[in-house]
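Student: So here's upload.pdb, just PDB, C-alpha atoms:
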```pdb
ATOM      1  CA  MET A  29     196.335  89.036-220.277
ATOM      2  CA  SER A  30     197.429  92.446-219.013
ATOM      3  CA  GLU A  31     195.140  95.328-218.069
ATOM      4  CA  GLN A  32     196.195  97.015-221.291
ATOM      5  CA  ASP A  33     195.131  93.935-223.266
ATOM      6  CA  ILE A  34     191.760  93.942-221.509
ATOM      7  CA  GLU A  35     191.262  97.592-222.454
ATOM      8  CA  ILE A  36     192.097  96.724-226.061
ATOM      9  CA  LEU A  37     189.474  93.966-225.896
ATOM     10  CA  ARG A  38     186.915  96.419-224.482
ATOM     11  CA  GLN A  39     187.646  98.778-227.346
ATOM     12  CA  GLN A  40     187.188  95.916-229.780
ATOM     13  CA  VAL A  41     183.735  95.260-228.321
ATOM     14  CA  ASN A  42     182.896  98.964-228.636
ATOM     15  CA  ASN A  43     184.138  99.138-232.221
ATOM     16  CA  LEU A  44     182.194  96.048-233.293
ATOM     17  CA  THR A  45     179.086  97.371-231.530
ATOM     18  CA  ASN A  46     179.293 100.683-233.383
ATOM     19  CA  SER A  47     179.939  98.918-236.674
ATOM     20  CA  HIS A  48     176.910  96.663-236.237
ATOM     21  CA  ARG A  49     174.722  99.614-235.275
ATOM     22  CA  GLN A  50     175.626 101.424-238.460
ATOM     23  CA  SER A  51     175.498  98.422-240.780
ATOM     24  CA  PRO A  52     173.989  95.231-239.305
ATOM     25  CA  ASP A  53     175.875  92.213-240.546
ATOM     26  CA  PHE A  54     175.801  88.529-239.540
ATOM     27  CA  GLU A  55     179.584  88.152-239.391
ATOM     28  CA  THR A  56     179.926  91.295-237.287
ATOM     29  CA  ALA A  57     177.265  90.086-234.841
ATOM     30  CA  VAL A  58     179.117  86.783-234.424
ATOM     31  CA  ALA A  59     182.487  88.516-233.995
ATOM     32  CA  LEU A  60     180.965  90.863-231.409
ATOM     33  CA  TYR A  61     179.448  87.948-229.514
ATOM     34  CA  LYS A  62     182.782  86.131-229.451
ATOM     35  CA  SER A  63     184.557  89.264-228.219
ATOM     36  CA  ARG A  64     182.022  89.668-225.404
ATOM     37  CA  CYS A  65     182.634  86.057-224.345
ATOM     38  CA  GLU A  66     186.395  86.572-224.377
ATOM     39  CA  LEU A  67     186.107  89.807-222.413
ATOM     40  CA  ALA A  68     183.915  88.150-219.768
ATOM     41  CA  GLU A  69     186.416  85.323-219.405
ATOM     42  CA  GLN A  70     189.323  87.721-218.991
ATOM     43  CA  LEU A  71     187.425  89.800-216.415
ATOM     44  CA  THR A  72     186.433  86.769-214.329
ATOM     45  CA  GLY A  73     188.452  86.835-211.137
ATOM     46  CA  ARG A  74     190.500  89.794-212.364
ATOM     47  CA  ALA A  75     188.140  92.735-212.746
ATOM     48  CA  GLU A  76     188.879  95.674-210.487
ATOM     49  CA  THR A  77     186.216  96.449-207.894
ATOM     50  CA  PRO A  78     186.040  99.043-205.114
ATOM     51  CA  TYR A  79     184.226  96.544-202.872
ATOM     52  CA  LYS A  80     186.023  93.897-200.821
ATOM     53  CA  ILE A  81     182.600  93.035-199.419
ATOM     54  CA  TRP A  82     179.382  93.312-201.403
ATOM     55  CA  PRO A  83     176.881  94.607-200.681
ATOM     56  CA  PRO A  84     178.995  97.160-198.829
ATOM     57  CA  ALA A  85     178.380  97.646-195.125
ATOM     58  CA  ASN A  86     176.442 100.486-193.491
ATOM     59  CA  ILE A  87     173.991 101.073-196.337
ATOM     60  CA  PRO A  88     171.084 103.119-194.900
ATOM     61  CA  ASP A  89     167.502 101.963-195.395
ATOM     62  CA  LEU A  90     166.049 104.696-197.594
ATOM     63  CA  PHE A  91     162.696 102.897-197.675
ATOM     64  CA  ALA A  92     162.176 102.407-193.940
ATOM     65  CA  ASP A  93     158.910 104.348-194.190
ATOM     66  CA  LYS A  94     157.940 103.017-197.619
ATOM     67  CA  LYS A  95     154.342 103.677-198.655
ATOM     68  CA  THR A  96     154.133 100.587-200.853
ATOM     69  CA  VAL A  97     154.457  96.900-199.978
ATOM     70  CA  ILE A  98     157.876  96.745-201.622
ATOM     71  CA  PRO A  99     160.214  99.638-202.489
ATOM     72  CA  GLU A 100     158.972 101.268-205.669
ATOM     73  CA  VAL A 101     160.221 104.152-207.822
ATOM     74  CA  THR A 102     159.690 105.448-211.322
ATOM     75  CA  ALA A 103     162.501 105.234-213.850
ATOM     76  CA  SER A 104     163.078 108.986-213.541
ATOM     77  CA  GLU A 105     163.404 108.714-209.742
ATOM     78  CA  LEU A 106     165.771 105.739-209.802
ATOM     79  CA  THR A 107     169.333 106.170-208.556
ATOM     80  CA  PRO A 108     172.004 103.566-207.741
ATOM     81  CA  GLU A 109     171.758 104.615-204.073
ATOM     82  CA  LEU A 110     168.014 103.898-203.951
ATOM     83  CA  ALA A 111     168.373 100.585-205.775
ATOM     84  CA  LEU A 112     171.196  99.354-203.549
ATOM     85  CA  SER A 113     169.397 100.394-200.367
ATOM     86  CA  ALA A 114     166.227  98.582-201.417
ATOM     87  CA  ILE A 115     168.053  95.395-202.387
ATOM     88  CA  VAL A 116     170.157  95.356-199.194
ATOM     89  CA  HIS A 117     167.235  95.896-196.826
ATOM     90  CA  HIS A 118     164.207  94.570-198.742
ATOM     91  CA  SER A 119     165.696  92.185-201.344
ATOM     92  CA  CYS A 120     164.013  93.998-204.237
ATOM     93  CA  ILE A 121     162.838  97.210-205.848
ATOM     94  CA  MET A 122     160.147  97.823-208.464
ATOM     95  CA  VAL A 123     161.149 100.291-211.174
ATOM     96  CA  ARG A 124     158.114 101.545-213.068
ATOM     97  CA  GLY A 125     158.504 102.291-216.770
ATOM     98  CA  MET A 126     162.205 101.531-217.081
ATOM     99  CA  PHE A 127     161.619 100.395-220.674
ATOM    100  CA  ASP A 128     159.290 102.323-222.950
ATOM    101  CA  ARG A 129     156.418 100.457-224.575
ATOM    102  CA  GLU A 130     157.947 100.460-228.054
ATOM    103  CA  THR A 131     161.214  98.960-226.817
ATOM    104  CA  ALA A 132     159.427  96.289-224.784
ATOM    105  CA  LEU A 133     157.268  95.228-227.732
ATOM    106  CA  SER A 134     160.321  95.191-230.006
ATOM    107  CA  MET A 135     162.074  92.777-227.647
ATOM    108  CA  VAL A 136     159.074  90.437-227.849
ATOM    109  CA  ASP A 137     159.089  90.580-231.652
ATOM    110  CA  ASP A 138     162.858  90.083-231.799
ATOM    111  CA  ALA A 139     162.664  87.052-229.516
ATOM    112  CA  TRP A 140     159.879  85.438-231.544
ATOM    113  CA  SER A 141     161.838  86.023-234.759
ATOM    114  CA  VAL A 142     164.393  83.561-233.371
ATOM    115  CA  LEU A 143     162.142  81.274-231.331
ATOM    116  CA  THR A 144     159.515  80.570-234.019
ATOM    117  CA  PRO A 145     161.929  78.996-236.537
ATOM    118  CA  MET A 146     163.653  77.151-233.680
ATOM    119  CA  LEU A 147     160.349  75.571-232.699
ATOM    120  CA  ASP A 148     159.315  74.610-236.240
ATOM    121  CA  GLY A 149     162.767  73.274-237.105
ATOM    122  CA  SER A 150     163.554  75.813-239.819
ATOM    123  CA  TYR A 151     166.153  77.798-237.866
ATOM    124  CA  ASP A 152     169.615  77.858-239.422
ATOM    125  CA  SER A 153     172.207  78.996-236.893
ATOM    126  CA  LYS A 154     174.858  79.242-239.640
ATOM    127  CA  GLY A 155     177.370  78.215-237.019
ATOM    128  CA  SER A 156     176.302  80.947-234.605
ATOM    129  CA  TYR A 157     175.065  78.892-231.652
ATOM    130  CA  PRO A 158     177.143  79.738-228.559
ATOM    131  CA  ASP A 159     178.685  76.262-228.410
ATOM    132  CA  GLU A 160     179.752  76.721-232.043
ATOM    133  CA  ILE A 161     181.323  80.125-231.348
ATOM    134  CA  TRP A 162     182.863  79.620-227.921
ATOM    135  CA  PRO A 163     183.827  76.078-226.790
ATOM    136  CA  LYS A 164     183.045  76.683-223.110
ATOM    137  CA  PHE A 165     179.348  76.830-223.954
ATOM    138  CA  GLY A 166     179.387  73.136-224.876
ATOM    139  CA  PRO A 167     178.078  71.792-221.529
ATOM    140  CA  CYS A 168     175.044  74.101-221.778
ATOM    141  CA  ARG A 169     173.565  72.601-224.957
ATOM    142  CA  GLY A 170     170.846  70.738-223.085
ATOM    143  CA  MET A 171     169.507  73.996-221.654
ATOM    144  CA  ARG A 172     168.514  75.118-225.147
ATOM    145  CA  LYS A 173     166.191  72.118-225.467
ATOM    146  CA  ASN A 174     164.750  72.654-221.989
ATOM    147  CA  ALA A 175     163.938  76.286-222.797
ATOM    148  CA  MET A 176     162.354  75.371-226.126
ATOM    149  CA  ASN A 177     160.177  72.756-224.418
ATOM    150  CA  GLU A 178     158.633  75.672-222.518
ATOM    151  CA  LYS A 179     158.439  77.799-225.686
ATOM    152  CA  SER A 180     161.026  80.050-224.119
ATOM    153  CA  LEU A 181     164.412  81.158-225.370
ATOM    154  CA  LEU A 182     167.895  81.754-224.030
ATOM    155  CA  ILE A 183     168.774  85.237-225.283
ATOM    156  CA  GLY A 184     172.413  84.283-225.717
ATOM    157  CA  ASP A 185     171.505  81.556-228.208
ATOM    158  CA  SER A 186     171.465  84.215-230.933
ATOM    159  CA  PRO A 187     174.258  86.766-231.477
ATOM    160  CA  GLU A 188     171.841  89.158-233.194
ATOM    161  CA  LEU A 189     169.255  88.902-230.409
ATOM    162  CA  THR A 190     172.038  89.371-227.854
ATOM    163  CA  PHE A 191     173.028  92.583-229.627
ATOM    164  CA  ARG A 192     169.472  93.931-229.791
ATOM    165  CA  VAL A 193     168.593  93.181-226.174
ATOM    166  CA  LEU A 194     171.855  94.664-224.896
ATOM    167  CA  GLU A 195     171.135  97.762-226.985
ATOM    168  CA  ALA A 196     167.769  98.024-225.228
ATOM    169  CA  PHE A 197     169.471  97.548-221.854
ATOM    170  CA  GLY A 198     171.844 100.377-222.686
ATOM    171  CA  LYS A 199     169.082 102.695-223.873
ATOM    172  CA  SER A 200     167.051 102.145-220.686
ATOM    173  CA  GLY A 201     170.012 102.690-218.372
ATOM    174  CA  LEU A 202     169.811  99.167-216.929
ATOM    175  CA  THR A 203     173.404  98.214-217.754
ATOM    176  CA  ARG A 204     174.747 101.477-216.300
ATOM    177  CA  LEU A 205     172.700 100.957-213.150
ATOM    178  CA  VAL A 206     174.003  97.438-212.538
ATOM    179  CA  SER A 207     177.546  98.594-213.274
ATOM    180  CA  SER A 208     177.139 101.298-210.621
ATOM    181  CA  LEU A 209     175.763  98.794-208.107
ATOM    182  CA  PHE A 210     178.650  96.369-208.589
ATOM    183  CA  GLY A 211     181.314  99.015-209.073
ATOM    184  CA  GLU A 212     182.524  97.183-212.181
ATOM    185  CA  GLN A 213     181.479  96.147-215.675
ATOM    186  CA  PRO A 214     178.825  93.425-215.272
ATOM    187  CA  ALA A 215     178.335  90.194-217.159
ATOM    188  CA  LEU A 216     175.207  88.135-217.806
ATOM    189  CA  LEU A 217     174.817  84.481-216.858
ATOM    190  CA  TRP A 218     174.091  82.834-220.212
ATOM    191  CA  SER A 219     171.853  80.141-218.728
ATOM    192  CA  LYS A 220     169.897  82.646-216.611
ATOM    193  CA  TRP A 221     169.183  85.211-219.319
ATOM    194  CA  GLY A 222     165.988  84.234-221.023
ATOM    195  CA  PHE A 223     162.842  85.291-222.828
ATOM    196  CA  ARG A 224     159.976  83.740-220.852
ATOM    197  CA  HIS A 225     156.658  82.805-222.420
ATOM    198  CA  VAL A 226     154.016  81.748-219.861
ATOM    199  CA  PRO A 227     150.452  81.198-221.126
ATOM    200  CA  PRO A 228     147.523  80.802-218.692
ATOM    201  CA  GLU A 229     147.386  77.076-219.482
ATOM    202  CA  THR A 230     150.815  76.621-217.940
ATOM    203  CA  VAL A 231     149.880  78.128-214.586
ATOM    204  CA  LYS A 232     146.565  76.247-214.673
ATOM    205  CA  MET A 233     148.534  73.021-215.050
ATOM    206  CA  ILE A 234     150.713  74.013-212.095
ATOM    207  CA  ARG A 235     147.601  74.578-210.009
ATOM    208  CA  ASP A 236     145.919  71.349-211.103
ATOM    209  CA  THR A 237     148.986  69.248-210.344
ATOM    210  CA  GLY A 238     149.273  70.743-206.868
ATOM    211  CA  LEU A 239     152.823  71.958-207.318
ATOM    212  CA  SER A 240     154.242  74.583-204.975
ATOM    213  CA  PRO A 241     157.088  76.178-206.936
ATOM    214  CA  TRP A 242     158.233  78.739-204.367
ATOM    215  CA  HIS A 243     161.952  79.221-204.813
ATOM    216  CA  GLN A 244     165.007  81.399-204.322
ATOM    217  CA  ASP A 245     166.908  81.628-207.589
ATOM    218  CA  GLY A 246     170.324  82.038-206.047
ATOM    219  CA  THR A 247     170.571  79.370-203.373
ATOM    220  CA  PHE A 248     172.661  77.181-205.688
ATOM    221  CA  MET A 249     174.928  80.046-206.756
ATOM    222  CA  GLY A 250     177.118  80.068-203.661
ATOM    223  CA  THR A 251     177.423  82.620-200.888
ATOM    224  CA  GLU A 252     180.250  84.625-202.438
ATOM    225  CA  ILE A 253     178.782  85.400-205.863
ATOM    226  CA  ARG A 254     177.562  88.951-206.466
ATOM    227  CA  VAL A 255     174.389  88.839-208.535
ATOM    228  CA  ILE A 256     171.292  90.894-209.305
ATOM    229  CA  ASN A 257     168.276  89.768-211.294
ATOM    230  CA  ALA A 258     166.391  92.182-213.537
ATOM    231  CA  TRP A 259     162.947  90.728-214.250
ATOM    232  CA  ILE A 260     161.585  92.781-217.146
ATOM    233  CA  SER A 261     157.868  92.716-217.859
ATOM    234  CA  LEU A 262     157.176  92.850-221.601
ATOM    235  CA  CYS A 263     153.398  93.036-221.130
ATOM    236  CA  ASP A 264     150.859  93.964-218.487
ATOM    237  CA  CYS A 265     150.641  91.069-216.036
ATOM    238  CA  GLY A 266     149.513  90.252-212.547
ATOM    239  CA  ARG A 267     145.823  90.440-213.336
ATOM    240  CA  ASP A 268     144.738  89.027-216.731
ATOM    241  CA  ALA A 269     148.153  87.480-217.405
ATOM    242  CA  PRO A 270     150.219  85.469-214.904
ATOM    243  CA  GLY A 271     152.374  87.664-212.722
ATOM    244  CA  MET A 272     154.485  86.850-209.702
ATOM    245  CA  HIS A 273     154.002  86.124-206.020
ATOM    246  CA  ILE A 274     156.760  87.379-203.747
ATOM    247  CA  LEU A 275     157.484  87.345-200.040
ATOM    248  CA  PRO A 276     157.998  91.068-199.319
ATOM    249  CA  LYS A 277     160.701  90.741-196.696
ATOM    250  CA  LYS A 278     164.432  90.151-196.395
ATOM    251  CA  VAL A 279     165.314  86.527-195.668
ATOM    252  CA  GLY A 280     168.403  84.394-195.997
ATOM    253  CA  PRO A 281     168.505  80.908-197.509
ATOM    254  CA  VAL A 282     165.215  79.105-196.779
ATOM    255  CA  LYS A 283     165.058  75.355-196.187
ATOM    256  CA  THR A 284     163.728  73.455-199.198
ATOM    257  CA  GLY A 285     161.859  70.178-199.590
ATOM    258  CA  THR A 286     159.561  70.547-196.569
ATOM    259  CA  GLY A 287     155.780  70.238-196.325
ATOM    260  CA  ASN A 288     154.140  69.828-199.712
ATOM    261  CA  ALA A 289     157.141  71.004-201.716
ATOM    262  CA  ALA A 290     156.957  69.460-205.178
ATOM    263  CA  ARG A 291     160.712  68.834-205.311
ATOM    264  CA  HIS A 292     163.669  68.786-202.982
ATOM    265  CA  ASP A 293     164.924  72.108-204.366
ATOM    266  CA  VAL A 294     161.771  74.229-203.899
ATOM    267  CA  VAL A 295     160.249  75.743-200.761
ATOM    268  CA  GLY A 296     157.091  74.235-199.269
ATOM    269  CA  GLU A 297     153.910  76.111-198.418
ATOM    270  CA  ASP A 298     154.523  75.444-194.714
ATOM    271  CA  MET A 299     157.731  77.449-194.766
ATOM    272  CA  VAL A 300     156.106  80.256-196.758
ATOM    273  CA  ALA A 301     153.169  80.382-194.333
ATOM    274  CA  ALA A 302     155.523  80.747-191.383
ATOM    275  CA  LEU A 303     157.647  83.407-193.053
ATOM    276  CA  SER A 304     154.655  85.420-194.289
ATOM    277  CA  ALA A 305     152.843  85.590-190.946
ATOM    278  CA  ASP A 306     153.923  89.215-190.481
ATOM    279  CA  ASN A 307     154.403  90.071-194.174
ATOM    280  CA  PRO A 308     151.636  88.604-196.350
ATOM    281  CA  VAL A 309     152.492  87.281-199.794
ATOM    282  CA  TYR A 310     152.307  90.079-202.364
ATOM    283  CA  ALA A 311     151.246  89.916-206.016
ATOM    284  CA  PRO A 312     152.519  93.092-207.710
ATOM    285  CA  GLU A 313     150.733  94.265-210.818
ATOM    286  CA  PHE A 314     153.247  94.850-213.599
ATOM    287  CA  HIS A 315     152.824  97.173-216.547
ATOM    288  CA  ILE A 316     154.712  96.796-219.782
ATOM    289  CA  GLY A 317     158.291  98.009-219.319
ATOM    290  CA  ASP A 318     158.366  97.663-215.520
ATOM    291  CA  VAL A 319     161.419  96.000-213.970
ATOM    292  CA  LEU A 320     161.708  94.150-210.677
ATOM    293  CA  LEU A 321     165.317  94.123-209.478
ATOM    294  CA  PHE A 322     166.043  91.539-206.808
ATOM    295  CA  ASP A 323     168.743  89.585-205.041
ATOM    296  CA  LYS A 324     169.415  85.856-204.993
ATOM    297  CA  TYR A 325     167.332  85.210-201.859
ATOM    298  CA  LEU A 326     164.010  86.846-202.778
ATOM    299  CA  LEU A 327     161.406  84.126-202.232
ATOM    300  CA  HIS A 328     158.972  84.079-205.152
ATOM    301  CA  ARG A 329     156.925  81.994-207.573
ATOM    302  CA  THR A 330     154.787  82.378-210.668
ATOM    303  CA  GLN A 331     151.386  83.762-209.689
ATOM    304  CA  PRO A 332     148.847  80.918-209.305
ATOM    305  CA  TYR A 333     146.093  80.572-211.886
ATOM    306  CA  ASN A 334     142.726  82.289-211.561
ATOM    307  CA  GLU A 335     139.834  82.645-213.991
ATOM    308  CA  GLN A 336     140.778  86.232-214.888
ATOM    309  CA  MET A 337     143.964  85.018-216.564
ATOM    310  CA  VAL A 338     143.294  84.973-220.290
ATOM    311  CA  ASN A 339     146.531  86.449-221.667
ATOM    312  CA  THR A 340     150.082  85.176-222.010
ATOM    313  CA  ARG A 341     152.897  86.669-219.972
ATOM    314  CA  TYR A 342     156.093  87.747-221.698
ATOM    315  CA  ALA A 343     159.156  88.693-219.687
ATOM    316  CA  ILE A 344     162.938  88.684-219.818
ATOM    317  CA  GLU A 345     164.853  87.316-216.851
ATOM    318  CA  SER A 346     168.398  88.673-216.638
ATOM    319  CA  TRP A 347     170.847  87.537-213.995
ATOM    320  CA  PHE A 348     173.805  89.908-213.853
ATOM    321  CA  ALA A 349     177.030  88.848-212.130
ATOM    322  CA  ALA A 350     180.085  90.787-210.998
ATOM    323  CA  PRO A 351     183.046  89.184-212.817
ATOM    324  CA  SER A 352     185.552  90.102-210.082
ATOM    325  CA  ASN A 353     184.486  87.207-207.864
ATOM    326  CA  TYR A 354     182.507  85.002-210.241
ATOM    327  CA  HIS A 355     185.333  82.443-210.079
ATOM    328  CA  ALA A 356     184.432  81.883-206.388
ATOM    329  CA  SER A 357     180.980  80.558-207.309
ATOM    330  CA  PRO A 358     180.205  76.892-208.011
ATOM    331  CA  LEU A 359     178.635  78.200-211.222
ATOM    332  CA  HIS A 360     182.054  79.066-212.615
ATOM    333  CA  GLY A 361     183.037  76.446-215.151
ATOM    334  CA  MET A 362     179.416  75.381-215.639
ATOM    335  CA  TYR A 363     177.687  78.578-216.707
ATOM    336  CA  PRO A 364     179.595  80.878-219.074
ATOM    337  CA  VAL A 365     179.043  84.624-218.897
ATOM    338  CA  ILE A 366     178.675  87.326-221.537
ATOM    339  CA  ALA A 367     180.159  90.778-220.920
ATOM    340  CA  CYS A 368     177.645  93.625-221.084
TER
END
```
Go through the file and emit its structure as structure tokens.
Tutor:
Amino acid sequence: MSEQDIEILRQQVNNLTNSHRQSPDFETAVALYKSRCELAEQLTGRAETPYKIWPPANIPDLFADKKTVIPEVTASELTPELALSAIVHHSCIMVRGMFDRETALSMVDDAWSVLTPMLDGSYDSKGSYPDEIWPKFGPCRGMRKNAMNEKSLLIGDSPELTFRVLEAFGKSGLTRLVSSLFGEQPALLWSKWGFRHVPPETVKMIRDTGLSPWHQDGTFMGTEIRVINAWISLCDCGRDAPGMHILPKKVGPVKTGTGNAARHDVVGEDMVAALSADNPVYAPEFHIGDVLLFDKYLLHRTQPYNEQMVNTRYAIESWFAAPSNYHASPLHGMYPVIAC
């Protein structure tokens, strides 16, 4: 496919998006979804990027004298330069209020409108499941069941939900930000784009079973892949709802399976204790609409249970990838992507 053909495909996505905005229609949502899948496939390994190396070299640390444990800005203060600097030097940045309350609550309602009938068996996909629309999603069918077992949902399992969440991403400026960071149109990893539902009972079970689920999301993604995770809080959490524990420092790949690690692919408490000797583990308090942007090596886990936790946590995890070098990752061929 030529560059001109790719531009025609982009315009098709834009036209279908505008059409669905003006007059929501099931067939249009499915056609739009399919076009996004096709665009992502055509961009993979071919997208133009200004960066031969990413992150680019010689990025200054604009948070060297940060007043908070991790870099933190409000949505109005956020710039691509600040975000990139924070991610390069500190692995993450907290963006306060990136989504307004109404939008965050709408995303929760929209997700439950799909998840509830899926859980009770009444959901009719009408042929709109990803593996029914785009053949390359076939190997991912088992992930749908795994998500549902946790009462969670893969956003890309519904064309309409995909449309609504991407509309919210556009309204907040998240998609534009990630595009600026990568220097190209981003795509979302279908299997790593999910609505997460974590009640207190779940983290209590984790505590009672003695698990130590510290992990780095991107260790299996390969060294070449260019990715950023946007962890979007859809409620207040970190106090009366489970939040997140993070190691507030830049580290590379950390050895897994040591000490009391619950599995071979998670990091043991012994490793975390050693790494946090000079930077204690941090539990940020999230407010509805806050976003934590982080790289593939940020060491983190779900916040352990305490008696104050009486509410359920809702969040959306969104792993963005740069299509230009996605083909270099071991994920390519296993995890399809959806163009933003």
Student: For the file shown, what are the residues hit by the PyMOL selection byres ((chain A and resi 143) around 10), laid out as an MDAnalysis selection string?
Tutor: chainID A and resid 137:142 144:149 151 176 179:183 185:186 223
Student: Taking the file as shown, find all residues satisfying the PyMOL selection byres ((chain A and resi 316) around 8) and write them as a tab-separated table (two decimals) with C-alpha atoms, keeping the file's coordinate frame.
Tutor:
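File produced: out_7.tsv:
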```tsv
chain	number	residue	atom	x	y	z
A	125	GLY	CA	158.50	102.29	-216.77
A	127	PHE	CA	161.62	100.40	-220.67
A	128	ASP	CA	159.29	102.32	-222.95
A	129	ARG	CA	156.42	100.46	-224.58
A	132	ALA	CA	159.43	96.29	-224.78
A	261	SER	CA	157.87	92.72	-217.86
A	262	LEU	CA	157.18	92.85	-221.60
A	263	CYS	CA	153.40	93.04	-221.13
A	264	ASP	CA	150.86	93.96	-218.49
A	265	CYS	CA	150.64	91.07	-216.04
A	314	PHE	CA	153.25	94.85	-213.60
A	315	HIS	CA	152.82	97.17	-216.55
A	317	GLY	CA	158.29	98.01	-219.32
A	318	ASP	CA	158.37	97.66	-215.52
```
Student: Given the file above and the PyMOL selection byres ((chain A and resi 338) around 10), which residues are selected, and can you give them as a ChimeraX atom specification?
Tutor: /A:227-229,267-270,333-337,339-341
Student: Counting all atoms listed in the file, which residue out of A:Ser119, A:Ser219, A:Asn288, A:Ser47 sits closest to Lys173 in chain A?
Tutor: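 That would be A:Ser219, the residue with the smallest distance to Lys173 in chain A.
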Student: Interatomic distance between CA of Val319 in chain A and CA of Asn177 in chain A?
Tutor: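 Computed distance, CA of Val319 in chain A to CA of Asn177 in chain A, equals 25.5 Å.
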